[in-house]
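Step one of this worksheet: look at the structure below.
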Amino acid sequence: MAGVNGDGAAGRDGETPPTAAASVALDGVGKTYPGDGEGGSVRALDDVSFSVADGEFVCLVGPSGCGKTTLFRVVAGLTEATDGRVLLDGTEVTGPTTDMGVVFQEYHLFPWLTVEENVGFGLERSDRSAAEREARVDEMLDLVGLTEFRGAYPKSLSGGMKQRVAIARSLAVDPDLLLMDEPFGAVDAQTREMLQRELLDVWESTGKTVLFVTHDVAEAVTLADRVVVMAAEPGRVREVVDVDVERPRDRGDAAFAEYVGRVRELIGAHP
Amino acid sequence: MATETASRVDEDGAFAGVGLGDGRRLLRGAAGVVGFLLVWHAVSLTQDPFVLPSPVAVAGAFAGELASGDMTTALYQSVRHWIPGTVAGTGLGVAAGVAFAWSGLLDDLTAPLVRTLRPVPPLALIGFAIAWFGINDWGAAFIIAVGAFWINFYAAYGAVEGVSEDLLDVGRTLGVRGDLDAVRSIVLPASLPGIMTGIRTGLGRCWMLVVASEIFGVPGVGREIIRASNNLRVDRAIAYILVLSLMYLLVDVAFRAVERRALAWRA
């Protein structure tokens, strides 16, 4: 599949990628929610800057109230930032774009569409021919292992299956970036670990850039090349941690535990 | 799991609205009807026929009207305004409900108007029906349409308001652009269950409004009920009321079958 290049490989080796090759760059992003008359405006994000290299897997973690979800919505173009800007492959994000595949915690599948119709939803708006769309849907269903459920409605799927459909749906339009907001937060622990492994497989086979928001530190250390740790009130970047552990990562490993401990400490520590 | 889903859909479709699967319920329903008829018959023995005719007399009147062809004529006359009234009222109601709920501008513009017109009962508009359309099927259809309009307007409005903002967000990230695309590909399918409940309620209401719509002289089932009542022929009046009930039942069962099929995706 298209989109794999040398920068991706560099990122995967754990080297800090050069900003010039960034797939996503946040430049001084701030967000203030206006108060309700009696003052009390809320500064949700303050001067958030970091970048994600092409093909890199970056996780965003932080305490509750650190503006993770606001930041996710700003990057997705669903919420407008008050300050700063988000660049996707050098172009400023001014609204939702199909160059970004967005996956939400609650799946948000279209319940009136079958699995394959959900996966094909974005393709209907592309300039592909019917045959190309069909082939693409087949490819995506195969990628997430749901070919035999293609005709089912979301109501009959488990949480894990729904999230696979959501991932396939977002990847179908071949975005440059996969943007995910706690995508495995609503499934049980066993399914979560399985989905994490599957996501890494998908990432390795497609070479997509991934920005993954989570509150689960172990999940972040399992998945990410780099972990962006945020602090709360106002939401800002506290530190960026490079995770220098070979994949597949073993949670029993000493180095793994060390990273988890370090990130937890950063989240817990107050400035 | 996929085949399981498929078979459940088929089952829903095949038995839609009829409930053949539940023999005991059917039996109890039949017992209830028989009991009611017995009580009715017993009470009717103590009353004059113009106060309460016996069920046997009503059955006789029903058979008589049917045999003479008067009943089918009246039904045909009523259907001639029930159909255009229901179709126009439903279509306009759904369209206005969706449009006003979706567009803040339209909503603001029409809110005072809607609140003023909403409490006007269709019967109060008979003068307008006569003045604008005349004493004919179109005048009667107008009365029916007004009733259907409001039910469908509020059902569609509420359904669209309830459409998840998140689904719209997902749509935008997948390339949905502009109001038309959003309404067609997300808002309408997401609000279809609510809209269909409105349509179904409206269909029943329209049969009730057939009587009101014929009060000013348009022929039909409602006119026959009014005439029979004026002549103290209560047996005939009840026979024609039964025609309305049967038509309602027929349309309701048919629509429920359509609804189950259209909403097979629902949990």
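Residues are referred to by chain and number: the chain letter is A, B, ... according to the order shown in the structure tokens, the number counts from 1 in that chain, and ligands are numbered separately from 1 in the order shown.
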Going by DSSP on the backbone, which residues of region 106-259 of chain B come out as helix (DSSP H, G or I)? List them as a VMD selection string. chain B and resid 106 to 117 122 to 133 137 to 161 165 to 173 178 to 213 221 to 230 234 to 259
Keeping only C-alpha atoms, write those residues as a CSV table (one decimal), in the first residue's frame.
chain,number,residue,atom,x,y,z
B,106,LEU,CA,-35.9,28.4,9.1
B,107,ASP,CA,-36.7,27.3,12.7
B,108,ASP,CA,-36.3,30.9,14.0
B,109,LEU,CA,-38.4,32.3,11.1
B,110,THR,CA,-41.3,29.9,11.6
B,111,ALA,CA,-41.4,29.3,15.3
B,112,PRO,CA,-44.0,32.0,16.2
B,113,LEU,CA,-46.1,31.0,13.2
B,114,VAL,CA,-46.0,27.3,14.1
B,115,ARG,CA,-47.0,28.0,17.7
B,116,THR,CA,-50.0,30.1,16.5
B,117,LEU,CA,-51.2,27.6,13.9
B,122,PRO,CA,-58.9,21.0,11.5
B,123,LEU,CA,-62.6,21.3,12.1
B,124,ALA,CA,-62.2,25.0,12.6
B,125,LEU,CA,-60.8,25.3,9.1
B,126,ILE,CA,-64.0,24.1,7.3
B,127,GLY,CA,-64.8,27.6,6.2
B,128,PHE,CA,-61.4,27.9,4.5
B,129,ALA,CA,-61.8,24.4,3.0
B,130,ILE,CA,-65.1,25.5,1.4
B,131,ALA,CA,-63.8,29.0,0.3
B,132,TRP,CA,-60.5,27.7,-1.1
B,133,PHE,CA,-61.5,24.4,-2.5
B,137,ASP,CA,-62.9,16.0,-2.5
B,138,TRP,CA,-60.3,18.7,-2.4
B,139,GLY,CA,-62.0,20.6,0.4
B,140,ALA,CA,-62.3,17.4,2.4
B,141,ALA,CA,-58.7,16.4,1.5
B,142,PHE,CA,-57.6,19.8,2.9
B,143,ILE,CA,-59.1,19.1,6.3
B,144,ILE,CA,-57.4,15.6,6.4
B,145,ALA,CA,-54.1,17.1,5.3
B,146,VAL,CA,-54.1,19.6,8.1
B,147,GLY,CA,-54.5,16.9,10.7
B,148,ALA,CA,-51.8,14.7,9.1
B,149,PHE,CA,-49.4,17.7,8.7
B,150,TRP,CA,-49.0,18.5,12.4
B,151,ILE,CA,-48.5,14.9,13.5
B,152,ASN,CA,-45.9,14.3,10.9
B,153,PHE,CA,-44.3,17.8,11.4
B,154,TYR,CA,-43.7,17.2,15.2
B,155,ALA,CA,-42.6,13.6,14.8
B,156,ALA,CA,-40.1,14.5,12.1
B,157,TYR,CA,-38.9,17.6,13.9
B,158,GLY,CA,-38.3,15.6,17.1
B,159,ALA,CA,-36.6,12.8,15.2
B,160,VAL,CA,-34.2,15.2,13.5
B,161,GLU,CA,-33.4,17.0,16.7
B,165,GLU,CA,-24.1,15.0,16.6
B,166,ASP,CA,-21.4,12.3,16.6
B,167,LEU,CA,-22.7,10.6,13.6
B,168,LEU,CA,-22.7,13.9,11.7
B,169,ASP,CA,-19.1,14.4,12.9
B,170,VAL,CA,-18.1,10.9,11.5
B,171,GLY,CA,-19.9,11.8,8.3
B,172,ARG,CA,-17.9,15.0,7.9
B,173,THR,CA,-14.6,13.2,8.5
B,178,GLY,CA,-23.1,20.5,2.7
B,179,ASP,CA,-26.6,20.4,4.1
B,180,LEU,CA,-28.1,18.3,1.3
B,181,ASP,CA,-25.5,15.5,1.6
B,182,ALA,CA,-25.8,15.5,5.4
B,183,VAL,CA,-29.6,15.4,5.4
B,184,ARG,CA,-29.8,12.7,2.7
B,185,SER,CA,-27.0,10.4,3.9
B,186,ILE,CA,-27.2,10.8,7.7
B,187,VAL,CA,-30.1,12.9,9.0
B,188,LEU,CA,-32.9,11.1,7.1
B,189,PRO,CA,-31.8,7.5,7.7
B,190,ALA,CA,-31.0,8.3,11.4
B,191,SER,CA,-34.4,9.9,12.0
B,192,LEU,CA,-36.4,7.4,9.9
B,193,PRO,CA,-37.7,5.4,13.0
B,194,GLY,CA,-39.2,8.6,14.5
B,195,ILE,CA,-40.6,9.7,11.1
B,196,MET,CA,-42.2,6.4,10.5
B,197,THR,CA,-43.9,6.4,13.9
B,198,GLY,CA,-45.3,9.8,13.0
B,199,ILE,CA,-46.6,8.6,9.6
B,200,ARG,CA,-48.2,5.6,11.3
B,201,THR,CA,-50.0,7.7,13.9
B,202,GLY,CA,-51.0,10.1,11.1
B,203,LEU,CA,-52.5,7.4,9.0
B,204,GLY,CA,-54.9,6.5,11.9
B,205,ARG,CA,-55.7,10.1,12.6
B,206,CYS,CA,-56.6,10.6,8.9
B,207,TRP,CA,-59.3,8.0,9.1
B,208,MET,CA,-60.8,9.7,12.1
B,209,LEU,CA,-60.7,13.0,10.2
B,210,VAL,CA,-62.7,11.5,7.4
B,211,VAL,CA,-65.8,12.1,9.4
B,212,ALA,CA,-64.8,15.8,10.1
B,213,SER,CA,-63.9,16.3,6.5
B,221,VAL,CA,-68.4,7.1,4.9
B,222,GLY,CA,-68.4,10.0,7.3
B,223,ARG,CA,-71.3,11.6,5.6
B,224,GLU,CA,-73.2,8.3,5.9
B,225,ILE,CA,-72.5,8.1,9.6
B,226,ILE,CA,-73.8,11.7,10.1
B,227,ARG,CA,-76.9,11.0,8.0
B,228,ALA,CA,-77.7,7.8,9.8
B,229,SER,CA,-77.3,9.5,13.2
B,230,ASN,CA,-79.6,12.3,12.1
B,234,VAL,CA,-77.9,4.0,15.0
B,235,ASP,CA,-77.4,0.5,13.5
B,236,ARG,CA,-76.4,2.0,10.2
B,237,ALA,CA,-74.2,4.5,11.9
B,238,ILE,CA,-72.3,1.8,13.7
B,239,ALA,CA,-72.0,-0.2,10.5
B,240,TYR,CA,-70.2,2.7,8.8
B,241,ILE,CA,-68.1,3.4,11.9
B,242,LEU,CA,-67.0,-0.3,11.6
B,243,VAL,CA,-65.9,0.5,8.0
B,244,LEU,CA,-63.6,3.2,9.3
B,245,SER,CA,-62.2,0.8,11.9
B,246,LEU,CA,-61.6,-1.9,9.3
B,247,MET,CA,-59.9,0.5,7.0
B,248,TYR,CA,-57.7,1.8,9.8
B,249,LEU,CA,-56.8,-1.8,10.8
B,250,LEU,CA,-55.9,-2.7,7.2
B,251,VAL,CA,-53.7,0.3,6.6
B,252,ASP,CA,-52.1,0.0,10.0
B,253,VAL,CA,-51.1,-3.7,9.5
B,254,ALA,CA,-49.8,-2.9,6.0
B,255,PHE,CA,-47.8,0.0,7.2
B,256,ARG,CA,-46.3,-1.9,10.1
B,257,ALA,CA,-45.2,-4.6,7.7
B,258,VAL,CA,-43.4,-1.9,5.6
B,259,GLU,CA,-42.0,-0.3,8.8
Proximal residues of chain A relative to chain B (only C-alpha atoms; 8 Å) as a ChimeraX atom specification: /A:76,78,96-98,100-102,108-113,121-122,125,148-149,151-156,170,173
Would you mind listing what lies within 12 Å of region 257-266 of chain A as a PyMOL selection string, with only C-alpha atoms counted and same-chain residues fewer than 6 positions away left out? chain A and resi 59-63+215-232+237-245+249-251
Selection from above, N, CA, C and O atoms, as a short mmCIF file (atom, residue, chain, number, x, y, z; two decimals), in the first residue's frame, can you write it?
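Wrote part25.cif, looks like this:
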data_model
loop_
_atom_site.label_atom_id
_atom_site.label_comp_id
_atom_site.auth_asym_id
_atom_site.auth_seq_id
_atom_site.Cartn_x
_atom_site.Cartn_y
_atom_site.Cartn_z
N CYS A 59 1.35 8.26 20.72
CA CYS A 59 0.22 8.23 21.64
C CYS A 59 0.22 9.49 22.49
O CYS A 59 1.27 10.05 22.81
N LEU A 60 -1.00 9.91 22.83
CA LEU A 60 -1.19 11.11 23.62
C LEU A 60 -1.86 10.67 24.91
O LEU A 60 -2.96 10.13 24.88
N VAL A 61 -1.16 10.88 26.05
CA VAL A 61 -1.77 10.49 27.32
C VAL A 61 -1.79 11.70 28.26
O VAL A 61 -1.08 12.68 28.06
N GLY A 62 -2.60 11.59 29.29
CA GLY A 62 -2.65 12.68 30.25
C GLY A 62 -3.77 12.45 31.24
O GLY A 62 -4.64 11.60 31.02
N PRO A 63 -3.75 13.17 32.35
CA PRO A 63 -4.80 13.03 33.36
C PRO A 63 -6.13 13.51 32.80
O PRO A 63 -6.16 14.23 31.81
N HIS A 215 -6.09 7.11 27.81
CA HIS A 215 -5.76 7.45 29.20
C HIS A 215 -5.01 6.28 29.84
O HIS A 215 -4.58 6.33 30.98
N ASP A 216 -4.85 5.20 29.02
CA ASP A 216 -4.25 3.97 29.52
C ASP A 216 -2.75 3.99 29.20
O ASP A 216 -2.33 3.84 28.05
N VAL A 217 -1.93 4.19 30.24
CA VAL A 217 -0.48 4.35 30.05
C VAL A 217 0.14 3.10 29.45
O VAL A 217 0.97 3.17 28.53
N ALA A 218 -0.26 1.91 29.95
CA ALA A 218 0.30 0.67 29.42
C ALA A 218 -0.03 0.53 27.94
O ALA A 218 0.79 0.06 27.15
N GLU A 219 -1.23 0.96 27.57
CA GLU A 219 -1.62 0.90 26.16
C GLU A 219 -0.70 1.81 25.32
O GLU A 219 -0.21 1.40 24.27
N ALA A 220 -0.45 3.00 25.84
CA ALA A 220 0.41 3.95 25.11
C ALA A 220 1.80 3.37 24.93
O ALA A 220 2.39 3.44 23.85
N VAL A 221 2.36 2.77 26.01
CA VAL A 221 3.73 2.25 25.93
C VAL A 221 3.77 1.00 25.03
O VAL A 221 4.78 0.74 24.37
N THR A 222 2.67 0.25 24.99
CA THR A 222 2.62 -0.92 24.11
C THR A 222 2.68 -0.50 22.64
O THR A 222 3.33 -1.15 21.82
N LEU A 223 2.00 0.59 22.32
CA LEU A 223 1.80 0.94 20.92
C LEU A 223 2.81 1.92 20.35
O LEU A 223 3.25 1.77 19.21
N ALA A 224 3.19 2.93 21.15
CA ALA A 224 3.77 4.14 20.56
C ALA A 224 5.27 4.10 20.30
O ALA A 224 6.03 3.47 21.02
N ASP A 225 5.68 4.83 19.25
CA ASP A 225 7.08 5.18 19.08
C ASP A 225 7.44 6.27 20.09
O ASP A 225 8.50 6.26 20.68
N ARG A 226 6.51 7.20 20.22
CA ARG A 226 6.71 8.28 21.18
C ARG A 226 5.40 8.53 21.92
O ARG A 226 4.32 8.40 21.34
N VAL A 227 5.50 8.89 23.18
CA VAL A 227 4.32 9.19 23.99
C VAL A 227 4.36 10.67 24.36
O VAL A 227 5.32 11.14 24.96
N VAL A 228 3.32 11.39 23.94
CA VAL A 228 3.21 12.79 24.33
C VAL A 228 2.42 12.82 25.63
O VAL A 228 1.25 12.43 25.67
N VAL A 229 3.07 13.27 26.72
CA VAL A 229 2.40 13.31 28.02
C VAL A 229 1.88 14.72 28.25
O VAL A 229 2.63 15.69 28.15
N MET A 230 0.59 14.82 28.57
CA MET A 230 0.00 16.14 28.77
C MET A 230 -0.24 16.41 30.25
O MET A 230 -0.36 15.50 31.06
N ALA A 231 -0.30 17.68 30.59
CA ALA A 231 -0.63 18.11 31.94
C ALA A 231 -1.94 18.89 31.86
O ALA A 231 -2.30 19.40 30.80
N ALA A 232 -2.65 18.97 33.00
CA ALA A 232 -3.98 19.58 32.99
C ALA A 232 -3.97 21.02 33.48
O ALA A 232 -3.02 21.47 34.11
N VAL A 237 1.54 20.34 26.78
CA VAL A 237 2.47 19.22 26.67
C VAL A 237 3.44 19.28 27.84
O VAL A 237 4.08 20.30 28.08
N ARG A 238 3.52 18.19 28.59
CA ARG A 238 4.43 18.16 29.72
C ARG A 238 5.79 17.62 29.28
O ARG A 238 6.83 18.20 29.58
N GLU A 239 5.73 16.51 28.56
CA GLU A 239 6.98 15.94 28.07
C GLU A 239 6.68 14.94 26.97
O GLU A 239 5.59 14.38 26.91
N VAL A 240 7.66 14.75 26.09
CA VAL A 240 7.51 13.74 25.05
C VAL A 240 8.51 12.63 25.35
O VAL A 240 9.70 12.89 25.52
N VAL A 241 8.01 11.40 25.49
CA VAL A 241 8.86 10.27 25.86
C VAL A 241 9.05 9.34 24.67
O VAL A 241 8.07 8.87 24.08
N ASP A 242 10.30 9.11 24.28
CA ASP A 242 10.58 8.13 23.22
C ASP A 242 10.55 6.74 23.84
O ASP A 242 11.23 6.50 24.84
N VAL A 243 9.77 5.84 23.26
CA VAL A 243 9.72 4.48 23.79
C VAL A 243 10.68 3.62 22.98
O VAL A 243 10.39 3.24 21.84
N ASP A 244 11.85 3.34 23.56
CA ASP A 244 12.90 2.64 22.83
C ASP A 244 12.89 1.16 23.19
O ASP A 244 13.82 0.67 23.82
N VAL A 245 11.82 0.48 22.83
CA VAL A 245 11.69 -0.96 23.10
C VAL A 245 11.26 -1.65 21.81
O VAL A 245 10.38 -1.15 21.11
N ARG A 249 6.19 -5.79 22.05
CA ARG A 249 6.65 -5.47 23.40
C ARG A 249 5.98 -6.37 24.42
O ARG A 249 4.79 -6.66 24.34
N ASP A 250 6.76 -6.77 25.39
CA ASP A 250 6.28 -7.68 26.43
C ASP A 250 6.01 -6.87 27.70
O ASP A 250 6.90 -6.18 28.19
N ARG A 251 4.79 -6.97 28.17
CA ARG A 251 4.42 -6.16 29.34
C ARG A 251 5.16 -6.60 30.61
O ARG A 251 5.19 -5.85 31.58
#
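CA of Met161 (chain A) is positioned 9.5 Å from CA of Thr191 (chain A).
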As a ChimeraX atom specification, please: the residues near region 40-48 of chain A (cut-off 9 Å, only C-alpha atoms, same-chain neighbours under 3 positions excluded). /A:26-37,65-68,70-71,81,83-84,232-237
Kindly give the distance, in Å, that separates CA of Thr209 (chain A) and CA of Leu88 (chain A), rounded to a single decimal. 10.9 Å
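Nearest to Gly55 (chain A) of all the residues A:Ala254, A:Ala172, A:Val86, A:Val24 is A:Val24, based on only C-alpha atoms.
The coordinates place CA of Val165 (chain A) at 8.9 Å from CA of Met140 (chain A).
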Report as number ranges by chain: the residues of region 55-234 of chain A with a DSSP assignment of strand (DSSP E), based on the backbone of this structure. A: 57-61, 83-88, 91-92, 100-103, 177-181, 209-213, 226-231
Taking N, CA, C and O atoms for each residue, export the selection above as a tab-separated table (two decimals), in the first residue's frame.
chain	number	residue	atom	x	y	z
A	57	PHE	N	4.03	6.29	14.97
A	57	PHE	CA	2.89	5.97	15.85
A	57	PHE	C	3.10	6.76	17.14
A	57	PHE	O	4.02	6.47	17.90
A	58	VAL	N	2.26	7.76	17.37
A	58	VAL	CA	2.40	8.60	18.56
A	58	VAL	C	1.15	8.47	19.42
A	58	VAL	O	0.02	8.54	18.91
A	59	CYS	N	1.35	8.26	20.72
A	59	CYS	CA	0.22	8.23	21.64
A	59	CYS	C	0.22	9.49	22.49
A	59	CYS	O	1.27	10.05	22.81
A	60	LEU	N	-1.00	9.91	22.83
A	60	LEU	CA	-1.19	11.11	23.62
A	60	LEU	C	-1.86	10.67	24.91
A	60	LEU	O	-2.96	10.13	24.88
A	61	VAL	N	-1.16	10.88	26.05
A	61	VAL	CA	-1.77	10.49	27.32
A	61	VAL	C	-1.79	11.70	28.26
A	61	VAL	O	-1.08	12.68	28.06
A	83	ASP	N	-6.11	29.59	19.26
A	83	ASP	CA	-4.79	30.04	18.83
A	83	ASP	C	-4.06	28.92	18.13
A	83	ASP	O	-4.38	27.75	18.32
A	84	GLY	N	-3.06	29.31	17.37
A	84	GLY	CA	-2.18	28.33	16.74
A	84	GLY	C	-2.84	27.63	15.58
A	84	GLY	O	-3.94	28.00	15.15
A	85	ARG	N	-2.15	26.61	15.06
A	85	ARG	CA	-2.71	25.90	13.92
A	85	ARG	C	-2.21	24.47	13.87
A	85	ARG	O	-1.22	24.11	14.52
A	86	VAL	N	-2.95	23.67	13.12
A	86	VAL	CA	-2.60	22.27	12.91
A	86	VAL	C	-2.27	22.11	11.43
A	86	VAL	O	-3.04	22.55	10.58
A	87	LEU	N	-1.10	21.52	11.15
A	87	LEU	CA	-0.72	21.29	9.75
A	87	LEU	C	-0.74	19.81	9.47
A	87	LEU	O	-0.20	19.01	10.23
A	88	LEU	N	-1.39	19.43	8.36
A	88	LEU	CA	-1.37	18.04	7.91
A	88	LEU	C	-0.62	18.03	6.59
A	88	LEU	O	-1.07	18.65	5.62
A	91	THR	N	-0.23	21.42	5.14
A	91	THR	CA	-1.42	22.22	4.83
A	91	THR	C	-2.23	22.44	6.11
A	91	THR	O	-2.45	21.49	6.86
A	92	GLU	N	-2.65	23.66	6.33
A	92	GLU	CA	-3.39	23.95	7.55
A	92	GLU	C	-4.76	23.26	7.53
A	92	GLU	O	-5.47	23.29	6.53
A	100	MET	N	-7.65	12.46	6.66
A	100	MET	CA	-7.49	11.98	8.03
A	100	MET	C	-8.57	10.94	8.30
A	100	MET	O	-9.75	11.21	8.05
A	101	GLY	N	-8.18	9.77	8.76
A	101	GLY	CA	-9.18	8.78	9.15
A	101	GLY	C	-9.42	8.92	10.64
A	101	GLY	O	-8.48	8.85	11.43
A	102	VAL	N	-10.65	9.16	11.04
A	102	VAL	CA	-10.93	9.45	12.44
A	102	VAL	C	-11.71	8.30	13.07
A	102	VAL	O	-12.71	7.85	12.52
A	103	VAL	N	-11.23	7.82	14.23
A	103	VAL	CA	-11.90	6.72	14.93
A	103	VAL	C	-12.24	7.18	16.35
A	103	VAL	O	-11.37	7.67	17.07
A	177	LEU	N	-3.32	10.06	7.67
A	177	LEU	CA	-3.20	9.96	9.13
A	177	LEU	C	-4.40	9.23	9.70
A	177	LEU	O	-5.54	9.44	9.28
A	178	LEU	N	-4.12	8.36	10.67
A	178	LEU	CA	-5.19	7.71	11.42
A	178	LEU	C	-5.23	8.38	12.79
A	178	LEU	O	-4.26	8.33	13.53
A	179	LEU	N	-6.35	9.03	13.09
A	179	LEU	CA	-6.49	9.78	14.33
A	179	LEU	C	-7.51	9.06	15.21
A	179	LEU	O	-8.66	8.89	14.81
A	180	MET	N	-7.09	8.62	16.39
A	180	MET	CA	-7.97	7.77	17.20
A	180	MET	C	-8.13	8.31	18.62
A	180	MET	O	-7.15	8.64	19.27
A	181	ASP	N	-9.38	8.38	19.09
A	181	ASP	CA	-9.66	8.89	20.44
A	181	ASP	C	-10.11	7.74	21.33
A	181	ASP	O	-11.25	7.29	21.23
A	209	THR	N	0.48	6.98	9.32
A	209	THR	CA	0.86	7.73	10.51
A	209	THR	C	-0.31	7.60	11.48
A	209	THR	O	-1.47	7.69	11.07
A	210	VAL	N	-0.01	7.37	12.77
A	210	VAL	CA	-1.10	7.21	13.74
A	210	VAL	C	-0.92	8.18	14.91
A	210	VAL	O	0.17	8.27	15.48
A	211	LEU	N	-1.98	8.90	15.23
A	211	LEU	CA	-2.02	9.70	16.45
A	211	LEU	C	-3.15	9.14	17.30
A	211	LEU	O	-4.32	9.16	16.89
A	212	PHE	N	-2.79	8.62	18.47
A	212	PHE	CA	-3.70	7.78	19.24
A	212	PHE	C	-3.85	8.37	20.64
A	212	PHE	O	-2.88	8.45	21.39
A	213	VAL	N	-5.05	8.79	20.99
A	213	VAL	CA	-5.31	9.37	22.30
A	213	VAL	C	-5.77	8.27	23.25
A	213	VAL	O	-6.62	7.46	22.89
A	226	ARG	N	6.51	7.20	20.22
A	226	ARG	CA	6.71	8.28	21.18
A	226	ARG	C	5.40	8.53	21.92
A	226	ARG	O	4.32	8.40	21.34
A	227	VAL	N	5.50	8.89	23.18
A	227	VAL	CA	4.32	9.19	23.99
A	227	VAL	C	4.36	10.67	24.36
A	227	VAL	O	5.32	11.14	24.96
A	228	VAL	N	3.32	11.39	23.94
A	228	VAL	CA	3.21	12.79	24.33
A	228	VAL	C	2.42	12.82	25.63
A	228	VAL	O	1.25	12.43	25.67
A	229	VAL	N	3.07	13.27	26.72
A	229	VAL	CA	2.40	13.31	28.02
A	229	VAL	C	1.88	14.72	28.25
A	229	VAL	O	2.63	15.69	28.15
A	230	MET	N	0.59	14.82	28.57
A	230	MET	CA	0.00	16.14	28.77
A	230	MET	C	-0.24	16.41	30.25
A	230	MET	O	-0.36	15.50	31.06
A	231	ALA	N	-0.30	17.68	30.59
A	231	ALA	CA	-0.63	18.11	31.94
A	231	ALA	C	-1.94	18.89	31.86
A	231	ALA	O	-2.30	19.40	30.80
